[in-house]
file my_file-v1.cif (mmCIF, C-alpha atoms)
data_target
#
loop_
_atom_site.group_PDB
_atom_site.id
_atom_site.type_symbol
_atom_site.label_atom_id
_atom_site.label_comp_id
_atom_site.auth_asym_id
_atom_site.auth_seq_id
_atom_site.Cartn_x
_atom_site.Cartn_y
_atom_site.Cartn_z
ATOM 1 C CA MET A 1 119.154 101.596 112.573
ATOM 2 C CA ASP A 2 121.912 103.223 110.573
ATOM 3 C CA PHE A 3 121.479 103.603 106.850
ATOM 4 C CA VAL A 4 124.625 102.199 105.255
ATOM 5 C CA ARG A 5 125.650 101.415 101.684
ATOM 6 C CA GLY A 6 123.900 98.291 100.423
ATOM 7 C CA LEU A 7 121.023 98.314 102.921
ATOM 8 C CA ILE A 8 117.696 97.333 101.367
ATOM 9 C CA VAL A 9 114.908 99.732 102.326
ATOM 10 C CA LYS A 10 111.185 100.070 101.656
ATOM 11 C CA SER A 11 109.732 103.426 100.675
ATOM 12 C CA ALA A 12 107.077 104.695 103.094
ATOM 13 C CA ALA A 13 105.970 107.847 101.267
ATOM 14 C CA GLY A 14 105.837 109.436 97.839
ATOM 15 C CA HIS A 15 105.180 108.125 94.349
ATOM 16 C CA ASP A 16 107.430 105.159 95.027
ATOM 17 C CA LYS A 17 105.603 104.124 98.242
ATOM 18 C CA GLY A 18 105.865 100.389 98.875
ATOM 19 C CA GLY A 19 108.817 99.858 96.564
ATOM 20 C CA PHE A 20 112.140 98.362 97.594
ATOM 21 C CA PHE A 21 115.407 100.211 97.011
ATOM 22 C CA VAL A 22 119.068 99.864 97.870
ATOM 23 C CA VAL A 23 120.966 102.627 99.672
ATOM 24 C CA LEU A 24 123.951 103.954 97.736
ATOM 25 C CA GLU A 25 124.999 106.490 100.379
ATOM 26 C CA ALA A 26 123.535 108.200 103.419
ATOM 27 C CA ALA A 27 124.405 111.404 105.250
ATOM 28 C CA GLY A 28 122.675 114.250 107.023
ATOM 29 C CA GLY A 29 119.252 112.639 107.373
ATOM 30 C CA PHE A 30 119.037 111.757 103.665
ATOM 31 C CA ALA A 31 119.798 108.613 101.691
ATOM 32 C CA VAL A 32 120.576 108.237 98.000
ATOM 33 C CA ILE A 33 118.618 105.209 96.768
ATOM 34 C CA CYS A 34 118.084 103.311 93.527
ATOM 35 C CA ASP A 35 116.131 100.291 92.318
ATOM 36 C CA GLY A 36 117.911 99.627 89.022
ATOM 37 C CA ARG A 37 114.764 100.310 87.003
ATOM 38 C CA ARG A 38 113.018 103.660 87.375
ATOM 39 C CA ARG A 39 115.805 104.984 89.576
ATOM 40 C CA SER A 40 119.007 103.694 88.026
ATOM 41 C CA LEU A 41 122.593 104.081 89.205
ATOM 42 C CA GLY A 42 122.937 106.977 86.786
ATOM 43 C CA HIS A 43 119.813 108.722 88.130
ATOM 44 C CA PRO A 44 119.381 107.841 91.840
ATOM 45 C CA LYS A 45 116.875 109.496 94.180
ATOM 46 C CA ARG A 46 117.711 111.509 97.287
ATOM 47 C CA LYS A 47 115.127 110.728 99.965
ATOM 48 C CA SER A 48 114.705 111.580 103.624
ATOM 49 C CA VAL A 49 115.412 108.622 105.901
ATOM 50 C CA LYS A 50 112.175 109.310 107.782
ATOM 51 C CA HIS A 51 110.353 108.144 104.628
ATOM 52 C CA LEU A 52 112.281 104.865 104.471
ATOM 53 C CA PHE A 53 111.832 101.631 106.425
ATOM 54 C CA PRO A 54 115.070 99.640 106.782
ATOM 55 C CA THR A 55 115.079 95.873 106.317
ATOM 56 C CA ARG A 56 117.522 93.467 107.921
ATOM 57 C CA ARG A 57 119.279 92.704 104.652
ATOM 58 C CA ALA A 58 122.075 94.363 102.723
ATOM 59 C CA LEU A 59 123.486 93.724 99.257
ATOM 60 C CA PRO A 60 127.163 92.976 98.742
ATOM 61 C CA ASP A 61 129.135 95.500 96.675
ATOM 62 C CA ASP A 62 129.532 93.100 93.728
ATOM 63 C CA LEU A 63 125.742 93.095 93.136
ATOM 64 C CA MET A 64 125.604 96.888 93.319
ATOM 65 C CA LYS A 65 127.882 97.519 90.334
ATOM 66 C CA THR A 66 125.132 97.366 87.694
ATOM 67 C CA ASP A 67 121.430 98.173 87.430
ATOM 68 C CA ARG A 68 120.825 94.592 86.355
ATOM 69 C CA GLY A 69 122.417 93.212 89.529
ATOM 70 C CA ILE A 70 120.321 95.511 91.698
ATOM 71 C CA ARG A 71 117.098 94.604 89.851
ATOM 72 C CA ARG A 72 117.775 90.891 90.272
ATOM 73 C CA ALA A 73 118.562 91.218 93.961
ATOM 74 C CA LEU A 74 115.469 93.336 94.654
ATOM 75 C CA SER A 75 113.144 91.115 92.593
ATOM 76 C CA GLU A 76 112.787 88.685 95.515
ATOM 77 C CA PHE A 77 111.662 91.529 97.752
ATOM 78 C CA GLN A 78 109.211 92.861 95.149
ATOM 79 C CA ARG A 79 107.605 89.423 94.890
ATOM 80 C CA GLY A 80 107.507 89.046 98.664
ATOM 81 C CA ASN A 81 109.591 85.845 98.689
ATOM 82 C CA ALA A 82 112.722 87.165 100.382
ATOM 83 C CA PHE A 83 111.471 87.304 103.941
ATOM 84 C CA PRO A 84 111.214 84.274 106.167
ATOM 85 C CA HIS A 85 108.287 84.498 108.548
ATOM 86 C CA GLU A 86 110.287 86.291 111.253
ATOM 87 C CA GLU A 87 111.457 88.954 108.791
ATOM 88 C CA ALA A 88 108.093 89.466 107.149
ATOM 89 C CA ASN A 89 107.573 92.813 108.824
ATOM 90 C CA VAL A 90 109.844 95.630 107.858
ATOM 91 C CA CYS A 91 110.970 97.724 110.819
ATOM 92 C CA GLN A 92 108.608 100.695 110.867
ATOM 93 C CA ASN A 93 110.211 102.818 113.577
ATOM 94 C CA LYS A 94 110.012 106.438 112.528
ATOM 95 C CA THR A 95 112.822 108.381 114.128
#
call {"tool": "encode", "arguments": {"input": "my_file-v1.cif", "output": "structure tokens"}}
result
Amino acid sequence: MDFVRGLIVKSAAGHDKGGFFVVLEAAGGFAVICDGRRRSLGHPKRKSVKHLFPTRRALPDDLMKTDRGIRRALSEFQRGNAFPHEEANVCQNKT
């Protein structure tokens, strides 16, 4: 799966393991991600895509303009309510 702007991903490794983030940009095997809280739009994290699991959902650009919008959109994922039963498992293909 391609990592594109707005894609919601789950961290697979590091201090932020298990957390959900949104991709701001991706190139060269790395993605720039943020969650609107610890990693804000002003201080995003650069992370290797091999340490990220993509979900099937993406945020529209209007929700990605502010940290508050990103936090609200990701809150459903953090609580575990955003996935219907067929989307409950995040794709864990490591490429």
call {"tool": "residues_around", "arguments": {"input": "my_file-v1.cif", "residues": "Ala31 in chain A", "least_positions_apart": "6", "cutoff": "7 Å", "atoms": "all atoms listed in the file", "output": "ChimeraX atom specification"}}
result
/A:23,25,46-49
call {"tool": "residues_around", "arguments": {"input": "my_file-v1.cif", "residues": "Phe3 in chain A", "least_positions_apart": "6", "cutoff": "12 Å", "atoms": "only C-alpha atoms", "output": "PyMOL selection string"}}
result
chain A and resi 9+22-33+47-50+52-58
call {"tool": "resolve_selection", "arguments": {"input": "my_file-v1.cif", "expression": "the PyMOL selection byres ((chain A and resi 40) around 12)", "output": "PyMOL selection string"}}
result
chain A and resi 21-24+32-39+41-45+64-71
call {"tool": "closest_residue", "arguments": {"input": "my_file-v1.cif", "among": "A:Asp62, A:Phe77, A:His51, A:Asp2", "to": "Lys17 in chain A", "atoms": "only C-alpha atoms"}}
result
A:His51
call {"tool": "atom_distance", "arguments": {"input": "my_file-v1.cif", "atom1": "CA of His15 in chain A", "atom2": "CA of Asp61 in chain A"}}
result
27.2 Å
call {"tool": "atom_distance", "arguments": {"input": "my_file-v1.cif", "atom1": "CA of Leu74 in chain A", "atom2": "CA of Gly6 in chain A"}}
result
11.4 Å
call {"tool": "atom_distance", "arguments": {"input": "my_file-v1.cif", "atom1": "CA of Ala73 in chain A", "atom2": "CA of Gly19 in chain A"}}
result
13.3 Å
